[in-house]
There are 2 protein chains.
Amino acid sequence: MSTVRVSLGERSYDIDIREGNLSRVGDLVAPLARAGRVAVVTDTHVAALYGDRVTAALDAAGFTSRLFPVPAGEHSKSAAQLAELWDAFVAFDMDRSSTVVALGGGVVGDLAGFAAATYMRGVRYVQVPTTMLACVDSSVGGKTAIDLAAGKNLVGAFHQPSAVVIDPGALRSLPGRELSAGLAEVVKHGMIMDAAFFERLERDVERLRALEGDVTTGVIHRNCELKAGVVAEDEREAGRRAILNYGHSVGHAVEMLAGGALVHGEAVAVGMAVEARVAETLGRIGPEVTQRQNALLGRAGLVTTVGEVATDAVIETMRHDKKARHGKLNLALPSRIGACEVVADVGVEVIARSLEDCRER
Amino acid sequence: MSTVRVSLGERSYDIDIREGNLSRVGDLVAPLARAGRVAVVTDTHVAALYGDRVTAALDAAGFTSRLFPVPAGEHSKSAAQLAELWDAFVAFDMDRSSTVVALGGGVVGDLAGFAAATYMRGVRYVQVPTTMLACVDSSVGGKTAIDLAAGKNLVGAFHQPSAVVIDPGALRSLPGRELSAGLAEVVKHGMIMDAAFFERLERDVERLRALEGDVTTGVIHRNCELKAGVVAEDEREAGRRAILNYGHSVGHAVEMLAGGALVHGEAVAVGMAVEARVAETLGRIGPEVTQRQNALLGRAGLVTTVGEVATDAVIETMRHDKKARHGKLNLALPSRIGACEVVADVGVEVIARSLEDCRER
């Protein structure tokens, strides 16, 4: 068992990482909420695998729980799905003292978290991530969102969970592709914040892909620590938290334009490759930094070349990203392995050229 | 000119009350936001009256503004209208540094405020109320919301405005019925918090209905002070702020069931009459308190008898209200003119009987 504290004053919470935690969700939620209704928002895949285990654990702890499965996939992060959840919460007689459990990956966490942030102006929620991506990244920090037709995560709220409950055993049901996708964020955390952790990944990435117990728990723990540190310093992304966007400015655009061909982590890996190339072009790093990053991403099972998306379309999509300000593109760029800075007003021509440089030849 | 400060730490803001302020919106927003896009959300009625004046003032101050009119009426506080606004903000190229101005009454303030709370996880907004209700109540305190089919304000966020800009001159375009509706909240503030203010209203209510300048500005000022005091003490309604719900538990239900026949303030007046009767039944006040309240509401142009709604339906709707907890009904009830307490777990039979007592005979 291991616990990471996210320190945010009265909004502080613990991340509890322990094999078998899915069966302990009830006991872990019990200290936070008096008996009452718990809506377990999940997707159809995860519902089939773990839905009953989680609701049984909640009911055994005295809660009245119900599963709210949404279709698996990014398209569930929609205004229409959100409105359906709101109505379903009312039909389940949920009040301000009720709890939402987000059981699943990043899509479920973002959608359920935003539903919790807004239902009756905010109810408690607990993240129970079941993908690598959600365990190491999206379940920590309180960012919730849905997508609009024009872009990902354009609507949402900062709403911290009351707890994060991680069962590394849940990752064994993940398809290899999803596991690899989650590792993009793991490599990112090493790249932008912790050279020693990056080196540990260079040593252990194959054991991590095999989900060896100690390695997996250790990596998740360190990831959560790194992310919690940034979030504690800058909860609402007014400053330092923006470094977590490394790989995401280009990545979000590539993901949208790929229209479902790439999952989030895969697009982030491409984004990291392109943004590292931007950093090279601006003279901020040498080519060996990009090479080490891309080699590690490759060993994690990720592609680091740009696919069939048009450069112009990527640039245009980036202009509409919420990270843009007055039409200017700010990028989080590495200054070496383990360090990163936000660079203001990067020229679009530099980004366009770097995209071209990262196409398969 | 008069200014009321709402003290909420880093979320503090000023309420600026001054004849002619609609033409000064640009100058009042300028210190809060650097030049950029301003979405003026309003309704079709208000757009025709004041839309051009406000956008001209914003553009003269260096902003790029655009009107976003929604149909007038409570039905615009819907998930569908909210989603349309989000898409329209994207189409207007708004980013995190953009500003939303809510120009109108309570519906516009709630909808625009919630859109601002959630667009890109929260952008700045300024309330420019143009109804009595919005000036004295809904524009202050950061409660934003939309309605669901099952009830009013079931979804929303606490999101404080960066400023409230009040032009008492705008009230002159109000239909008498809307003006009276707003006075329900004015009388409520006197009832629950300030006996001297209640007495001032007993003296001046006719001059207030005639919108005499000094009386109007003075009453708005004192209302904002009273509300700001409660909000500063309990921003997220964990305790004391719940006294502001006086009249609203019954009122919301009556408003919903009347299906558009009553506007919000009219329903609140009925709710205050019923809830005062509940307080009488529980021995918390004598009948003379209810009589004074109802007499003042009557002079303000409001009806204090229950219309055609069925008692059972009111009770059932109240159970789904977000102010209910675990199905128990907590009511804010007066203990004398100028004082109020939240009373837990009021029996539904007492509420039902009080409703019957308040029917016209």
# chains A, B, ... in the order shown; residues from 1 in each chain; ligands from 1

$ interface_residues --of "chain B" --to "chain A" --cutoff "7 Å" --atoms "only C-alpha atoms" --output "PDB file with N, CA, C and O atoms, in the first residue's frame"
ATOM      1  N   ALA B  79     -30.139  23.385 -20.615  1.00  0.00           N
ATOM      2  CA  ALA B  79     -28.886  22.763 -21.059  1.00  0.00           C
ATOM      3  C   ALA B  79     -28.659  23.034 -22.548  1.00  0.00           C
ATOM      4  O   ALA B  79     -27.521  23.244 -22.981  1.00  0.00           O
ATOM      5  N   ALA B  83     -25.428  25.002 -24.134  1.00  0.00           N
ATOM      6  CA  ALA B  83     -24.540  24.405 -25.133  1.00  0.00           C
ATOM      7  C   ALA B  83     -24.412  25.311 -26.358  1.00  0.00           C
ATOM      8  O   ALA B  83     -23.326  25.440 -26.941  1.00  0.00           O
ATOM      9  N   ASP B  93     -14.207  33.246 -31.087  1.00  0.00           N
ATOM     10  CA  ASP B  93     -12.766  33.180 -30.813  1.00  0.00           C
ATOM     11  C   ASP B  93     -12.424  33.593 -29.389  1.00  0.00           C
ATOM     12  O   ASP B  93     -11.374  34.194 -29.151  1.00  0.00           O
ATOM     13  N   ASP B  95     -11.056  33.287 -25.679  1.00  0.00           N
ATOM     14  CA  ASP B  95     -10.073  32.461 -24.994  1.00  0.00           C
ATOM     15  C   ASP B  95     -10.178  32.692 -23.486  1.00  0.00           C
ATOM     16  O   ASP B  95     -11.108  33.352 -23.017  1.00  0.00           O
ATOM     17  N   ARG B  96      -9.232  32.142 -22.746  1.00  0.00           N
ATOM     18  CA  ARG B  96      -9.304  32.225 -21.283  1.00  0.00           C
ATOM     19  C   ARG B  96      -9.257  33.643 -20.755  1.00  0.00           C
ATOM     20  O   ARG B  96      -9.620  33.891 -19.609  1.00  0.00           O
ATOM     21  N   SER B  97      -8.735  34.569 -21.571  1.00  0.00           N
ATOM     22  CA  SER B  97      -8.617  35.949 -21.103  1.00  0.00           C
ATOM     23  C   SER B  97      -9.828  36.790 -21.514  1.00  0.00           C
ATOM     24  O   SER B  97      -9.868  37.979 -21.238  1.00  0.00           O
ATOM     25  N   THR B 118     -17.902  27.809 -16.780  1.00  0.00           N
ATOM     26  CA  THR B 118     -17.519  26.530 -17.372  1.00  0.00           C
ATOM     27  C   THR B 118     -16.751  26.647 -18.681  1.00  0.00           C
ATOM     28  O   THR B 118     -16.024  25.722 -19.039  1.00  0.00           O
ATOM     29  N   TYR B 119     -16.921  27.766 -19.397  1.00  0.00           N
ATOM     30  CA  TYR B 119     -16.200  27.915 -20.662  1.00  0.00           C
ATOM     31  C   TYR B 119     -14.698  27.930 -20.375  1.00  0.00           C
ATOM     32  O   TYR B 119     -14.219  28.728 -19.555  1.00  0.00           O
ATOM     33  N   MET B 120     -13.982  27.024 -20.978  1.00  0.00           N
ATOM     34  CA  MET B 120     -12.533  26.889 -20.741  1.00  0.00           C
ATOM     35  C   MET B 120     -12.201  26.791 -19.249  1.00  0.00           C
ATOM     36  O   MET B 120     -11.204  27.324 -18.799  1.00  0.00           O
ATOM     37  N   ARG B 121     -13.057  26.134 -18.519  1.00  0.00           N
ATOM     38  CA  ARG B 121     -12.934  25.942 -17.060  1.00  0.00           C
ATOM     39  C   ARG B 121     -12.993  27.263 -16.281  1.00  0.00           C
ATOM     40  O   ARG B 121     -12.473  27.356 -15.166  1.00  0.00           O
ATOM     41  N   GLY B 122     -13.653  28.259 -16.879  1.00  0.00           N
ATOM     42  CA  GLY B 122     -13.885  29.468 -16.102  1.00  0.00           C
ATOM     43  C   GLY B 122     -13.252  30.702 -16.695  1.00  0.00           C
ATOM     44  O   GLY B 122     -12.035  30.798 -16.766  1.00  0.00           O
ATOM     45  N   LEU B 154     -31.057  23.200 -10.772  1.00  0.00           N
ATOM     46  CA  LEU B 154     -30.511  21.918 -10.294  1.00  0.00           C
ATOM     47  C   LEU B 154     -29.064  21.716 -10.722  1.00  0.00           C
ATOM     48  O   LEU B 154     -28.368  20.847 -10.206  1.00  0.00           O
ATOM     49  N   VAL B 155     -28.610  22.521 -11.675  1.00  0.00           N
ATOM     50  CA  VAL B 155     -27.241  22.406 -12.175  1.00  0.00           C
ATOM     51  C   VAL B 155     -26.644  23.804 -12.192  1.00  0.00           C
ATOM     52  O   VAL B 155     -27.317  24.758 -12.579  1.00  0.00           O
ATOM     53  N   GLY B 156     -25.394  23.931 -11.759  1.00  0.00           N
ATOM     54  CA  GLY B 156     -24.789  25.247 -11.770  1.00  0.00           C
ATOM     55  C   GLY B 156     -23.427  25.250 -11.125  1.00  0.00           C
ATOM     56  O   GLY B 156     -22.802  24.196 -10.965  1.00  0.00           O
ATOM     57  N   ALA B 157     -22.973  26.445 -10.755  1.00  0.00           N
ATOM     58  CA  ALA B 157     -21.659  26.580 -10.134  1.00  0.00           C
ATOM     59  C   ALA B 157     -21.657  27.820  -9.252  1.00  0.00           C
ATOM     60  O   ALA B 157     -22.439  28.744  -9.475  1.00  0.00           O
ATOM     61  N   PHE B 158     -20.789  27.819  -8.245  1.00  0.00           N
ATOM     62  CA  PHE B 158     -20.470  29.057  -7.543  1.00  0.00           C
ATOM     63  C   PHE B 158     -19.331  29.704  -8.319  1.00  0.00           C
ATOM     64  O   PHE B 158     -18.241  29.141  -8.421  1.00  0.00           O
ATOM     65  N   HIS B 320     -37.602  17.050  -4.224  1.00  0.00           N
ATOM     66  CA  HIS B 320     -36.537  16.953  -5.228  1.00  0.00           C
ATOM     67  C   HIS B 320     -35.682  18.210  -5.270  1.00  0.00           C
ATOM     68  O   HIS B 320     -34.743  18.292  -6.036  1.00  0.00           O
ATOM     69  N   LYS B 322     -32.890  20.897  -4.494  1.00  0.00           N
ATOM     70  CA  LYS B 322     -31.536  20.611  -4.045  1.00  0.00           C
ATOM     71  C   LYS B 322     -31.300  21.065  -2.614  1.00  0.00           C
ATOM     72  O   LYS B 322     -30.293  20.730  -2.003  1.00  0.00           O
ATOM     73  N   ALA B 324     -33.174  20.058  -0.244  1.00  0.00           N
ATOM     74  CA  ALA B 324     -33.508  18.876   0.553  1.00  0.00           C
ATOM     75  C   ALA B 324     -32.242  18.046   0.774  1.00  0.00           C
ATOM     76  O   ALA B 324     -31.327  18.066  -0.034  1.00  0.00           O
ATOM     77  N   ARG B 325     -32.164  17.354   1.858  1.00  0.00           N
ATOM     78  CA  ARG B 325     -31.022  16.498   2.156  1.00  0.00           C
ATOM     79  C   ARG B 325     -31.551  15.169   2.654  1.00  0.00           C
ATOM     80  O   ARG B 325     -32.275  15.141   3.648  1.00  0.00           O
ATOM     81  N   HIS B 326     -31.159  14.100   1.985  1.00  0.00           N
ATOM     82  CA  HIS B 326     -31.670  12.777   2.373  1.00  0.00           C
ATOM     83  C   HIS B 326     -33.193  12.825   2.500  1.00  0.00           C
ATOM     84  O   HIS B 326     -33.762  12.218   3.405  1.00  0.00           O
TER      85      HIS B 326
END

$ residues_around --residues "Pro287 (chain A)" --least-positions-apart "4" --cutoff "8 Å" --atoms "only C-alpha atoms" --output "MDAnalysis selection string"
chainID A and resid 277 280 291

$ write_last_selection --atoms "C-alpha atoms" --output "PDB file, in the first residue's frame"
ATOM      1  CA  ARG A 277      11.603  19.327 -32.197  1.00  0.00           C
ATOM      2  CA  GLU A 280      15.483  22.033 -30.767  1.00  0.00           C
ATOM      3  CA  GLN A 291      16.288  11.161 -29.402  1.00  0.00           C
TER       4      GLN A 291
END

$ atom_distance --atom1 "CA of Val274 (chain B)" --atom2 "CA of Val309 (chain B)"
13.1 Å

$ residues_around --residues "region 246-252 of chain A" --least-positions-apart "6" --cutoff "9 Å" --atoms "only C-alpha atoms" --output "number ranges by chain"
A: 151-152, 188, 192, 264-276, 314-315, 317-318, 321, 323-324, 329-334, 340, 342, 351, 355

$ atom_distance --atom1 "CA of Thr42 (chain B)" --atom2 "CA of Thr130 (chain B)"
10.0 Å

$ residues_around --residues "Gly51 (chain B)" --least-positions-apart "2" --cutoff "10 Å" --atoms "only C-alpha atoms" --output "ChimeraX atom specification"
/B:22,40-49,53-56,66-69,103-104

$ select_by_dssp --residues "region 60-139 of chain A" --states "strand (DSSP E)" --output "MDAnalysis selection string"
chainID A and resid 64:70 99:104 124:129

$ closest_residue --among "A:Asp194, A:Glu185, A:Glu206, A:Asp357" --to "Gly307 (chain A)" --atoms "only C-alpha atoms"
A:Asp357

$ select_by_dssp --residues "region 6-133 of chain A" --states "alpha helix (DSSP H)" --output "PyMOL selection string"
chain A and resi 25-29+44-46+52-60+79-91+106-118+132-133

$ residues_around --residues "Glu288 (chain B)" --least-positions-apart "6" --cutoff "10 Å" --atoms "only C-alpha atoms" --output "PyMOL selection string"
chain B and resi 280+294+336-337

$ write_last_selection --atoms "all heavy atoms" --output "short mmCIF file (atom, residue, chain, number, x, y, z; two decimals), in the first residue's frame"
data_model
loop_
_atom_site.label_atom_id
_atom_site.label_comp_id
_atom_site.auth_asym_id
_atom_site.auth_seq_id
_atom_site.Cartn_x
_atom_site.Cartn_y
_atom_site.Cartn_z
N GLU B 280 -45.41 30.30 12.10
CA GLU B 280 -46.50 30.49 13.07
C GLU B 280 -46.93 29.16 13.66
O GLU B 280 -47.05 29.01 14.88
CB GLU B 280 -47.73 31.08 12.36
CG GLU B 280 -47.79 32.57 12.28
CD GLU B 280 -49.12 32.97 11.62
OE1 GLU B 280 -50.20 32.63 12.14
OE2 GLU B 280 -49.06 33.60 10.55
N ASN B 294 -47.08 40.29 4.93
CA ASN B 294 -47.99 40.15 3.80
C ASN B 294 -48.57 41.50 3.38
O ASN B 294 -48.79 41.75 2.19
CB ASN B 294 -49.10 39.15 4.13
CG ASN B 294 -48.56 37.73 4.25
OD1 ASN B 294 -47.36 37.50 4.09
ND2 ASN B 294 -49.43 36.77 4.55
N ARG B 336 -38.60 36.65 14.03
CA ARG B 336 -39.27 37.94 14.23
C ARG B 336 -38.98 38.76 12.97
O ARG B 336 -38.25 38.30 12.10
CB ARG B 336 -38.74 38.67 15.48
CG ARG B 336 -37.24 38.86 15.48
CD ARG B 336 -36.74 39.67 16.70
NE ARG B 336 -35.30 39.61 16.82
CZ ARG B 336 -34.42 40.33 16.12
NH1 ARG B 336 -34.85 41.19 15.21
NH2 ARG B 336 -33.12 40.20 16.28
N ILE B 337 -39.53 39.97 12.86
CA ILE B 337 -39.14 40.84 11.75
C ILE B 337 -37.65 41.14 11.91
O ILE B 337 -37.23 41.63 12.96
CB ILE B 337 -39.92 42.18 11.79
CG1 ILE B 337 -41.43 41.95 11.72
CG2 ILE B 337 -39.41 43.14 10.70
CD1 ILE B 337 -42.04 41.85 10.35
#

$ decode --residues "region 170-183 of chain B" --atoms "all heavy atoms" --output "PDB file, in the first residue's frame"
ATOM      1  N   ALA B 170     -31.947  51.941 -15.617  1.00  0.00           N
ATOM      2  CA  ALA B 170     -32.411  50.837 -16.470  1.00  0.00           C
ATOM      3  C   ALA B 170     -33.745  50.291 -15.973  1.00  0.00           C
ATOM      4  O   ALA B 170     -34.507  49.705 -16.744  1.00  0.00           O
ATOM      5  CB  ALA B 170     -31.362  49.722 -16.498  1.00  0.00           C
ATOM      6  N   LEU B 171     -34.038  50.488 -14.670  1.00  0.00           N
ATOM      7  CA  LEU B 171     -35.267  49.922 -14.106  1.00  0.00           C
ATOM      8  C   LEU B 171     -36.515  50.618 -14.656  1.00  0.00           C
ATOM      9  O   LEU B 171     -37.615  50.085 -14.572  1.00  0.00           O
ATOM     10  CB  LEU B 171     -35.239  50.020 -12.579  1.00  0.00           C
ATOM     11  CG  LEU B 171     -34.062  49.307 -11.909  1.00  0.00           C
ATOM     12  CD1 LEU B 171     -34.100  49.512 -10.391  1.00  0.00           C
ATOM     13  CD2 LEU B 171     -34.060  47.819 -12.239  1.00  0.00           C
ATOM     14  N   ARG B 172     -36.331  51.828 -15.209  1.00  0.00           N
ATOM     15  CA  ARG B 172     -37.504  52.565 -15.691  1.00  0.00           C
ATOM     16  C   ARG B 172     -38.185  51.887 -16.876  1.00  0.00           C
ATOM     17  O   ARG B 172     -39.349  52.158 -17.162  1.00  0.00           O
ATOM     18  CB  ARG B 172     -37.115  54.006 -16.061  1.00  0.00           C
ATOM     19  CG  ARG B 172     -36.837  54.793 -14.798  1.00  0.00           C
ATOM     20  CD  ARG B 172     -36.793  56.284 -14.922  1.00  0.00           C
ATOM     21  NE  ARG B 172     -36.029  56.754 -13.761  1.00  0.00           N
ATOM     22  CZ  ARG B 172     -34.754  57.132 -13.801  1.00  0.00           C
ATOM     23  NH1 ARG B 172     -34.099  57.168 -14.948  1.00  0.00           N
ATOM     24  NH2 ARG B 172     -34.132  57.485 -12.697  1.00  0.00           N
ATOM     25  N   SER B 173     -37.449  50.998 -17.557  1.00  0.00           N
ATOM     26  CA  SER B 173     -38.076  50.300 -18.691  1.00  0.00           C
ATOM     27  C   SER B 173     -38.811  49.030 -18.252  1.00  0.00           C
ATOM     28  O   SER B 173     -39.389  48.329 -19.069  1.00  0.00           O
ATOM     29  CB  SER B 173     -37.007  49.930 -19.721  1.00  0.00           C
ATOM     30  OG  SER B 173     -36.053  49.071 -19.144  1.00  0.00           O
ATOM     31  N   LEU B 174     -38.770  48.742 -16.939  1.00  0.00           N
ATOM     32  CA  LEU B 174     -39.389  47.499 -16.451  1.00  0.00           C
ATOM     33  C   LEU B 174     -40.907  47.597 -16.414  1.00  0.00           C
ATOM     34  O   LEU B 174     -41.453  48.579 -15.920  1.00  0.00           O
ATOM     35  CB  LEU B 174     -38.950  47.224 -15.011  1.00  0.00           C
ATOM     36  CG  LEU B 174     -37.659  46.483 -14.735  1.00  0.00           C
ATOM     37  CD1 LEU B 174     -37.554  46.258 -13.234  1.00  0.00           C
ATOM     38  CD2 LEU B 174     -37.583  45.176 -15.484  1.00  0.00           C
ATOM     39  N   PRO B 175     -41.604  46.553 -16.866  1.00  0.00           N
ATOM     40  CA  PRO B 175     -43.045  46.488 -16.622  1.00  0.00           C
ATOM     41  C   PRO B 175     -43.291  46.464 -15.105  1.00  0.00           C
ATOM     42  O   PRO B 175     -42.470  45.922 -14.347  1.00  0.00           O
ATOM     43  CB  PRO B 175     -43.456  45.146 -17.228  1.00  0.00           C
ATOM     44  CG  PRO B 175     -42.313  44.706 -18.086  1.00  0.00           C
ATOM     45  CD  PRO B 175     -41.090  45.370 -17.548  1.00  0.00           C
ATOM     46  N   GLY B 176     -44.407  47.049 -14.679  1.00  0.00           N
ATOM     47  CA  GLY B 176     -44.714  47.107 -13.254  1.00  0.00           C
ATOM     48  C   GLY B 176     -44.688  45.745 -12.576  1.00  0.00           C
ATOM     49  O   GLY B 176     -44.252  45.606 -11.435  1.00  0.00           O
ATOM     50  N   ARG B 177     -45.128  44.748 -13.298  1.00  0.00           N
ATOM     51  CA  ARG B 177     -45.164  43.403 -12.729  1.00  0.00           C
ATOM     52  C   ARG B 177     -43.756  42.906 -12.380  1.00  0.00           C
ATOM     53  O   ARG B 177     -43.535  42.298 -11.328  1.00  0.00           O
ATOM     54  CB  ARG B 177     -45.813  42.464 -13.757  1.00  0.00           C
ATOM     55  CG  ARG B 177     -45.982  41.073 -13.242  1.00  0.00           C
ATOM     56  CD  ARG B 177     -46.663  40.173 -14.257  1.00  0.00           C
ATOM     57  NE  ARG B 177     -46.569  38.806 -13.791  1.00  0.00           N
ATOM     58  CZ  ARG B 177     -46.938  37.750 -14.492  1.00  0.00           C
ATOM     59  NH1 ARG B 177     -47.435  37.893 -15.708  1.00  0.00           N
ATOM     60  NH2 ARG B 177     -46.811  36.542 -13.991  1.00  0.00           N
ATOM     61  N   GLU B 178     -42.787  43.171 -13.276  1.00  0.00           N
ATOM     62  CA  GLU B 178     -41.402  42.752 -13.028  1.00  0.00           C
ATOM     63  C   GLU B 178     -40.809  43.521 -11.846  1.00  0.00           C
ATOM     64  O   GLU B 178     -40.049  42.981 -11.050  1.00  0.00           O
ATOM     65  CB  GLU B 178     -40.542  42.987 -14.269  1.00  0.00           C
ATOM     66  CG  GLU B 178     -40.794  42.013 -15.398  1.00  0.00           C
ATOM     67  CD  GLU B 178     -40.352  40.593 -15.046  1.00  0.00           C
ATOM     68  OE1 GLU B 178     -39.421  40.420 -14.239  1.00  0.00           O
ATOM     69  OE2 GLU B 178     -40.971  39.648 -15.581  1.00  0.00           O
ATOM     70  N   LEU B 179     -41.155  44.801 -11.764  1.00  0.00           N
ATOM     71  CA  LEU B 179     -40.660  45.613 -10.660  1.00  0.00           C
ATOM     72  C   LEU B 179     -41.168  45.050  -9.339  1.00  0.00           C
ATOM     73  O   LEU B 179     -40.397  44.831  -8.395  1.00  0.00           O
ATOM     74  CB  LEU B 179     -41.132  47.064 -10.852  1.00  0.00           C
ATOM     75  CG  LEU B 179     -40.636  48.083  -9.831  1.00  0.00           C
ATOM     76  CD1 LEU B 179     -39.118  48.176  -9.861  1.00  0.00           C
ATOM     77  CD2 LEU B 179     -41.227  49.465 -10.127  1.00  0.00           C
ATOM     78  N   SER B 180     -42.462  44.773  -9.270  1.00  0.00           N
ATOM     79  CA  SER B 180     -43.031  44.207  -8.051  1.00  0.00           C
ATOM     80  C   SER B 180     -42.370  42.883  -7.704  1.00  0.00           C
ATOM     81  O   SER B 180     -42.055  42.612  -6.540  1.00  0.00           O
ATOM     82  CB  SER B 180     -44.538  43.993  -8.225  1.00  0.00           C
ATOM     83  OG  SER B 180     -45.196  45.242  -8.254  1.00  0.00           O
ATOM     84  N   ALA B 181     -42.163  42.050  -8.719  1.00  0.00           N
ATOM     85  CA  ALA B 181     -41.549  40.743  -8.474  1.00  0.00           C
ATOM     86  C   ALA B 181     -40.191  40.907  -7.787  1.00  0.00           C
ATOM     87  O   ALA B 181     -39.854  40.178  -6.850  1.00  0.00           O
ATOM     88  CB  ALA B 181     -41.408  39.979  -9.788  1.00  0.00           C
ATOM     89  N   GLY B 182     -39.433  41.888  -8.233  1.00  0.00           N
ATOM     90  CA  GLY B 182     -38.121  42.126  -7.627  1.00  0.00           C
ATOM     91  C   GLY B 182     -38.232  42.553  -6.178  1.00  0.00           C
ATOM     92  O   GLY B 182     -37.356  42.262  -5.359  1.00  0.00           O
ATOM     93  N   LEU B 183     -39.319  43.246  -5.851  1.00  0.00           N
ATOM     94  CA  LEU B 183     -39.475  43.738  -4.480  1.00  0.00           C
ATOM     95  C   LEU B 183     -39.706  42.598  -3.483  1.00  0.00           C
ATOM     96  O   LEU B 183     -39.514  42.778  -2.274  1.00  0.00           O
ATOM     97  CB  LEU B 183     -40.604  44.767  -4.416  1.00  0.00           C
ATOM     98  CG  LEU B 183     -40.339  46.027  -5.254  1.00  0.00           C
ATOM     99  CD1 LEU B 183     -41.496  47.019  -5.120  1.00  0.00           C
ATOM    100  CD2 LEU B 183     -39.024  46.700  -4.845  1.00  0.00           C
TER     101      LEU B 183
END
